[in-house]
2 protein chains.
Amino acid sequence: MPLDLRKFQGVKRNTLNTINIDPLQTGGKLTPEARAALIQWGDGYSVCDFCHGALDEIKTPPIYDFVHEALPEFLGIEHVRITNGAREGMFAVMHALSQEGGWIVLDENAHYSSFIAAERAGLNIKTVPNSDHPDYRIDPDDYAKAFEEVKKDTGKLPVLALLTYPDGNYGNIVDTRHVSKICREYSVPLLLNGAYAIGRMPVNAKDIGADFIVGSGHKSMASSGPIGVLGVKDEYKDVIFRRSEHFEKKEVEMLGCTARGATIMTMMASFPSVVERVKRWSEEVRKAQEFSAQLEKLGLKQLGDKPHQHDLLFFEAQNLYEISQKAKDGRYFLYNELKSRKIHGIKPGLTKFFKLSTFGLPKEELRYVVDAFADIIKKYQ
Amino acid sequence: MPLDLRKFQGVKRNTLNTINIDPLQTGGKLTPEARAALIQWGDGYSVCDFCHGALDEIKTPPIYDFVHEALPEFLGIEHVRITNGAREGMFAVMHALSQEGGWIVLDENAHYSSFIAAERAGLNIKTVPNSDHPDYRIDPDDYAKAFEEVKKDTGKLPVLALLTYPDGNYGNIVDTRHVSKICREYSVPLLLNGAYAIGRMPVNAKDIGADFIVGSGHKSMASSGPIGVLGVKDEYKDVIFRRSEHFEKKEVEMLGCTARGATIMTMMASFPSVVERVKRWSEEVRKAQEFSAQLEKLGLKQLGDKPHQHDLLFFEAQNLYEISQKAKDGRYFLYNELKSRKIHGIKPGLTKFFKLSTFGLPKEELRYVVDAFADIIKKYQ
């Protein structure tokens, strides 16, 4: 093999020594306990040492208790499985419910993977539009309109509705109970994508009225990716967790077993801390609001819900954009300036519109980030 | 939450200090380099720090080079993607090729996940039978028979053929070129499940004549699970890697991105060692054959190919079974006896039929295992 393979080894993650405000990263940072689990259970298929035929049935380590006791209680839903991520959970639900010519209704703010999971499941997609700039709000009543339109056009109601809670762009929190009430009225089951909620903020599927709920371990449960959770209401368990005709212990939509390695051990090990941090959610919201107010004082404008109810914040920065028009590094100036200050997470080349997250960052670090923005703006004035 | 969550933390893998001969585990043990990668890249979605829209396009770390240069060369196939495991790769292919009323032909020795992936993809399954006890051989010509039967019954050829190379029960090596020749004659594409081959032994899709090939990182590429590889011949790339209608960079069957975390970093870090160990395959085969001969001297009978061509060995042990009929621990005696000798990997309760793997074990350890069997048999005589 003429290729130099050494480059694949010893690769450092040089963002480790930065303040990372990438929304993808703030909720996925491992706890010390998860880090220990990773080392202990890193090898291949480690958790299968004591498997008797299904991942969620493993008693040692206590995966059974985690999946069948702790997680259902945490999520407020009867049945839970571990998946390879939120998108894989969404696909499992969509695929199980899919019908020839079936439709799904989802919010325009949905994550790209919701659209792709629906495409893969062969569902036609109808979006509930957002209110556009500057709030990008989803109006729950528009779910009813969308259901009516699908029914009018196809003669049938959609097979599934999906709501993103919060969405991954603006961090907007929709009135989920209002949406679920509409879904119940139309008998359309509701799937809640809580990839940015579960593990950060309190979420209870029963209170919300969701029939299915997915969460992301790597995004919000301090787990090593890829991993997620899927909660299913009792009445749908036989559809979603249909068993194989050939192997009675194996669930078809899970392809038998999913997170068969260290990923689930990190999720379990972080879980006690995750349960605790969720209780401090109001503190996280306060920090996000304060951070937003401070950046607005510097001339940036926070889009989406106001006052904001989540750590994921989207900014419009006309002033930074104008600087980029004249700066030596052009549109990369902001990335480079932040990088030189050891701040990571705003994508290279973005200046006018970008998102970030304040989750889990100590106040001093957030202060440091605000000061960095102030400093950069001042430097180019 | 009344549940005591502390049990989820600090869970030790007490099989770490054993000689592990579980076929699931011998090829998935991490290299020191993979272990270092796990620590460096353990956090959530770590590899996404520098993503511009697709996992396989990430240049830092060098995932692009790994996926688009190193792996295609290693597998002898034009296009490769990382998946969440061999089964997820098989499902992607089956799902992309599936048609209303379509059939798949697969070997009776296929892994359970091949059957389940086919079920999930909505394919009807026709199996190519094995020769039953004691060889459990697959006759390549039976693929032609199966194709003919499907055609006769349905008017159409199957959409896909699958061959397991080797199978996960007997470690049998089928004449793949013979199978692929038949597939070409019938224009039925061939998917090779190389979960126990890729990363252990030389495998070249082009030489074999496979159109698709899947491998398992956790089973055979010294990677932290779940992770796998999927190789696709050029003529099928647009079908298998179809892009989303909504997001042009995202591949539908991959749900956008797959192994978005530390798992891929461990696979990359182990890759140079994996390339090297594959070159020593004949040594591994010799060790397996010697081990098999020694257990046969003790009265066990090795089933499957003989002389055996793989480290995965299946034994029939009438003598151990007879002991279990009288032993105090009954059918658990073998597990307990091996456990007390710090040998792990034969499932609790099995005595008459069981499989194990000699892969990567030093000769002294294999000697120790043989001696343990001798010792146990003697003890109960």
# chains A, B, ... in the order shown; residues from 1 in each chain; ligands from 1
$ residues_around --residues "region 303-319 of chain B" --least-positions-apart "2" --cutoff "10 Å" --atoms "only C-alpha atoms" --output "ChimeraX atom specification"
/B:21-24,26,131-137,166-174,196-197,200-201,281-282,284-293,295-296,298-301,321-324,350-360,377,381
$ interface_residues --of "chain B" --to "chain A" --cutoff "6 Å" --atoms "only C-alpha atoms" --output "ChimeraX atom specification"
/B:5,8-9,28-30,42-45,116,120,218,223-226,252,255,259-261,268-269,272
$ closest_residue --among "B:Val159, B:Val128, B:Ile208, B:Leu230" --to "Asp141 (chain B)" --atoms "only C-alpha atoms"
B:Val128
$ residues_around --residues "Tyr368 (chain A)" --least-positions-apart "3" --cutoff "12 Å" --atoms "only C-alpha atoms" --output "list in words"
Thr18, Ile19, Ile21, Phe291, Gln294, Leu295, Leu338, Arg341, Lys342, Ile343, Thr358, Leu361, Pro362, Lys363, Glu364, Glu365, Asp371, Ala372, Phe373, Ala374 and Asp375 of chain A
$ write_last_selection --atoms "C-alpha atoms" --output "PDB file, in the first residue's frame"
ATOM      1  CA  THR A  18     -10.633  25.704  23.279  1.00  0.00           C
ATOM      2  CA  ILE A  19     -13.905  27.066  24.567  1.00  0.00           C
ATOM      3  CA  ILE A  21     -19.555  26.900  21.634  1.00  0.00           C
ATOM      4  CA  PHE A 291     -25.355  36.078  26.924  1.00  0.00           C
ATOM      5  CA  GLN A 294     -24.779  41.090  25.987  1.00  0.00           C
ATOM      6  CA  LEU A 295     -24.168  40.249  22.340  1.00  0.00           C
ATOM      7  CA  LEU A 338     -12.030  33.633  17.600  1.00  0.00           C
ATOM      8  CA  ARG A 341      -8.621  33.586  21.267  1.00  0.00           C
ATOM      9  CA  LYS A 342      -9.127  29.814  21.605  1.00  0.00           C
ATOM     10  CA  ILE A 343     -12.842  29.980  20.951  1.00  0.00           C
ATOM     11  CA  THR A 358     -23.970  28.421  25.920  1.00  0.00           C
ATOM     12  CA  LEU A 361     -20.248  26.805  29.972  1.00  0.00           C
ATOM     13  CA  PRO A 362     -19.260  28.507  33.214  1.00  0.00           C
ATOM     14  CA  LYS A 363     -20.202  32.171  33.485  1.00  0.00           C
ATOM     15  CA  GLU A 364     -16.553  33.234  33.305  1.00  0.00           C
ATOM     16  CA  GLU A 365     -16.145  31.486  29.958  1.00  0.00           C
ATOM     17  CA  ASP A 371     -15.394  40.125  25.702  1.00  0.00           C
ATOM     18  CA  ALA A 372     -13.821  38.464  22.681  1.00  0.00           C
ATOM     19  CA  PHE A 373     -16.684  39.642  20.451  1.00  0.00           C
ATOM     20  CA  ALA A 374     -16.386  43.163  21.933  1.00  0.00           C
ATOM     21  CA  ASP A 375     -12.666  43.123  21.367  1.00  0.00           C
TER      22      ASP A 375
END
$ atom_distance --atom1 "CA of Pro140 (chain B)" --atom2 "CA of Gly155 (chain B)"
22.3 Å
$ residues_around --residues "Thr127 (chain A)" --least-positions-apart "2" --cutoff "8 Å" --atoms "only C-alpha atoms" --output "ChimeraX atom specification"
/A:105-108,125,129,146
$ select_by_dssp --residues "region 138-278 of chain B" --states "strand (DSSP E)" --output "PyMOL selection string"
chain B and resi 160-164+190-193+212-216+228-232
$ residues_around --residues "Pro189 (chain A)" --least-positions-apart "3" --cutoff "12 Å" --atoms "only C-alpha atoms" --output "PyMOL selection string"
chain A and resi 93-94+97+104-106+147+157-163+179-186+192+209-213+232-233+235-236
$ atom_distance --atom1 "CA of Ala144 (chain A)" --atom2 "CA of Leu190 (chain A)"
12.6 Å
$ residues_around --residues "Phe333 (chain B)" --least-positions-apart "4" --cutoff "8 Å" --atoms "only C-alpha atoms" --output "list in words"
Ser324, Ala327, Lys328, Asp329, Glu337 and Gly349 of chain B
$ select_by_dssp --residues "region 194-314 of chain B" --states "helix (DSSP H, G or I)" --output "VMD selection string"
chain B and resid 205 to 208 217 to 220 234 to 240 252 to 254 262 to 279 281 to 297
$ write_last_selection --atoms "N, CA and C atoms" --output "short mmCIF file (atom, residue, chain, number, x, y, z; two decimals), in the first residue's frame"
data_model
loop_
_atom_site.label_atom_id
_atom_site.label_comp_id
_atom_site.auth_asym_id
_atom_site.auth_seq_id
_atom_site.Cartn_x
_atom_site.Cartn_y
_atom_site.Cartn_z
N ALA B 205 -12.66 -7.12 -3.15
CA ALA B 205 -13.98 -7.25 -3.77
C ALA B 205 -13.87 -7.49 -5.27
N LYS B 206 -12.91 -6.81 -5.89
CA LYS B 206 -12.76 -6.95 -7.34
C LYS B 206 -12.36 -8.38 -7.69
N ASP B 207 -11.35 -8.91 -6.99
CA ASP B 207 -10.92 -10.29 -7.25
C ASP B 207 -12.07 -11.28 -7.05
N ILE B 208 -12.83 -11.02 -6.01
CA ILE B 208 -13.94 -11.91 -5.67
C ILE B 208 -15.08 -11.78 -6.67
N GLY B 217 -16.29 -3.05 11.91
CA GLY B 217 -15.17 -2.47 12.66
C GLY B 217 -14.99 -3.13 14.00
N HIS B 218 -16.11 -3.32 14.73
CA HIS B 218 -16.01 -3.88 16.08
C HIS B 218 -15.70 -5.37 16.05
N LYS B 219 -16.12 -6.06 14.99
CA LYS B 219 -15.82 -7.49 14.94
C LYS B 219 -14.40 -7.77 14.46
N SER B 220 -13.95 -7.04 13.47
CA SER B 220 -12.69 -7.46 12.83
C SER B 220 -11.71 -6.35 12.47
N ASP B 234 -18.59 0.81 -8.74
CA ASP B 234 -18.93 2.09 -9.38
C ASP B 234 -20.33 2.10 -10.00
N GLU B 235 -20.72 1.02 -10.67
CA GLU B 235 -22.00 1.06 -11.38
C GLU B 235 -23.21 1.20 -10.45
N TYR B 236 -23.01 0.92 -9.16
CA TYR B 236 -24.14 1.02 -8.23
C TYR B 236 -24.10 2.26 -7.35
N LYS B 237 -23.09 3.10 -7.55
CA LYS B 237 -22.93 4.19 -6.57
C LYS B 237 -24.11 5.16 -6.54
N ASP B 238 -24.69 5.43 -7.69
CA ASP B 238 -25.80 6.40 -7.70
C ASP B 238 -27.06 5.84 -7.04
N VAL B 239 -27.19 4.52 -7.05
CA VAL B 239 -28.36 3.90 -6.41
C VAL B 239 -28.17 3.86 -4.90
N ILE B 240 -27.01 3.39 -4.48
CA ILE B 240 -26.78 3.20 -3.04
C ILE B 240 -26.52 4.53 -2.34
N VAL B 252 -29.09 9.61 1.25
CA VAL B 252 -30.31 9.16 1.91
C VAL B 252 -30.08 7.87 2.70
N GLU B 253 -29.45 6.89 2.08
CA GLU B 253 -29.28 5.60 2.77
C GLU B 253 -28.32 5.69 3.96
N MET B 254 -27.52 6.74 4.01
CA MET B 254 -26.63 6.95 5.15
C MET B 254 -27.31 7.83 6.20
N ALA B 262 -16.42 9.03 18.07
CA ALA B 262 -15.09 8.45 18.29
C ALA B 262 -14.89 7.14 17.54
N THR B 263 -15.99 6.46 17.19
CA THR B 263 -15.85 5.14 16.58
C THR B 263 -14.97 5.18 15.33
N ILE B 264 -15.21 6.16 14.48
CA ILE B 264 -14.42 6.23 13.24
C ILE B 264 -12.96 6.57 13.53
N MET B 265 -12.72 7.33 14.59
CA MET B 265 -11.33 7.66 14.93
C MET B 265 -10.58 6.42 15.38
N THR B 266 -11.28 5.51 16.07
CA THR B 266 -10.60 4.27 16.48
C THR B 266 -10.33 3.39 15.25
N MET B 267 -11.26 3.37 14.31
CA MET B 267 -11.05 2.56 13.11
C MET B 267 -9.85 3.07 12.31
N MET B 268 -9.77 4.39 12.18
CA MET B 268 -8.63 4.98 11.45
C MET B 268 -7.32 4.69 12.17
N ALA B 269 -7.34 4.87 13.49
CA ALA B 269 -6.10 4.71 14.26
C ALA B 269 -5.60 3.28 14.22
N SER B 270 -6.52 2.32 14.17
CA SER B 270 -6.12 0.91 14.11
C SER B 270 -5.75 0.46 12.70
N PHE B 271 -6.15 1.24 11.72
CA PHE B 271 -6.05 0.78 10.34
C PHE B 271 -4.63 0.34 9.92
N PRO B 272 -3.60 1.12 10.22
CA PRO B 272 -2.26 0.66 9.82
C PRO B 272 -1.92 -0.71 10.41
N SER B 273 -2.29 -0.96 11.66
CA SER B 273 -2.03 -2.28 12.26
C SER B 273 -2.88 -3.34 11.60
N VAL B 274 -4.10 -2.98 11.26
CA VAL B 274 -5.01 -3.94 10.61
C VAL B 274 -4.45 -4.34 9.25
N VAL B 275 -3.94 -3.37 8.51
CA VAL B 275 -3.32 -3.66 7.22
C VAL B 275 -2.17 -4.64 7.40
N GLU B 276 -1.41 -4.45 8.45
CA GLU B 276 -0.28 -5.34 8.71
C GLU B 276 -0.73 -6.73 9.14
N ARG B 277 -1.73 -6.79 10.02
CA ARG B 277 -2.11 -8.11 10.53
C ARG B 277 -2.74 -8.98 9.46
N VAL B 278 -3.39 -8.34 8.50
CA VAL B 278 -3.99 -9.10 7.39
C VAL B 278 -2.90 -9.86 6.62
N LYS B 279 -1.72 -9.25 6.56
CA LYS B 279 -0.61 -9.91 5.85
C LYS B 279 -0.15 -11.18 6.57
N TRP B 281 -2.13 -13.41 7.84
CA TRP B 281 -3.30 -14.28 7.93
C TRP B 281 -2.96 -15.77 7.92
N SER B 282 -1.98 -16.16 7.09
CA SER B 282 -1.68 -17.60 6.99
C SER B 282 -1.22 -18.14 8.34
N GLU B 283 -0.54 -17.30 9.10
CA GLU B 283 -0.14 -17.67 10.46
C GLU B 283 -1.37 -17.93 11.34
N GLU B 284 -2.36 -17.06 11.21
CA GLU B 284 -3.59 -17.22 11.99
C GLU B 284 -4.30 -18.52 11.63
N VAL B 285 -4.30 -18.84 10.34
CA VAL B 285 -4.95 -20.07 9.90
C VAL B 285 -4.21 -21.28 10.47
N ARG B 286 -2.88 -21.22 10.42
CA ARG B 286 -2.09 -22.32 10.99
C ARG B 286 -2.40 -22.52 12.47
N LYS B 287 -2.46 -21.41 13.20
CA LYS B 287 -2.76 -21.48 14.64
C LYS B 287 -4.13 -22.12 14.87
N ALA B 288 -5.11 -21.71 14.07
CA ALA B 288 -6.47 -22.25 14.21
C ALA B 288 -6.48 -23.75 13.95
N GLN B 289 -5.78 -24.15 12.90
CA GLN B 289 -5.75 -25.57 12.53
C GLN B 289 -5.10 -26.41 13.63
N GLU B 290 -4.01 -25.86 14.18
CA GLU B 290 -3.30 -26.57 15.24
C GLU B 290 -4.19 -26.69 16.48
N PHE B 291 -4.85 -25.59 16.81
CA PHE B 291 -5.73 -25.58 17.97
C PHE B 291 -6.85 -26.60 17.78
N SER B 292 -7.42 -26.60 16.59
CA SER B 292 -8.50 -27.54 16.28
C SER B 292 -8.02 -28.98 16.43
N ALA B 293 -6.84 -29.27 15.92
CA ALA B 293 -6.29 -30.63 16.00
C ALA B 293 -6.10 -31.03 17.45
N GLN B 294 -5.65 -30.08 18.26
CA GLN B 294 -5.41 -30.41 19.67
C GLN B 294 -6.71 -30.68 20.43
N LEU B 295 -7.74 -29.89 20.13
CA LEU B 295 -9.03 -30.16 20.79
C LEU B 295 -9.62 -31.48 20.29
N GLU B 296 -9.38 -31.78 19.04
CA GLU B 296 -9.90 -33.06 18.52
C GLU B 296 -9.21 -34.24 19.23
N LYS B 297 -7.92 -34.07 19.54
CA LYS B 297 -7.21 -35.12 20.28
C LYS B 297 -7.86 -35.36 21.65
#
$ atom_distance --atom1 "CA of Lys156 (chain B)" --atom2 "CA of Gly122 (chain B)"
16.0 Å
$ closest_residue --among "B:Leu334, B:Leu366, B:Leu123, B:Val214" --to "Asn193 (chain B)" --atoms "only C-alpha atoms"
B:Val214
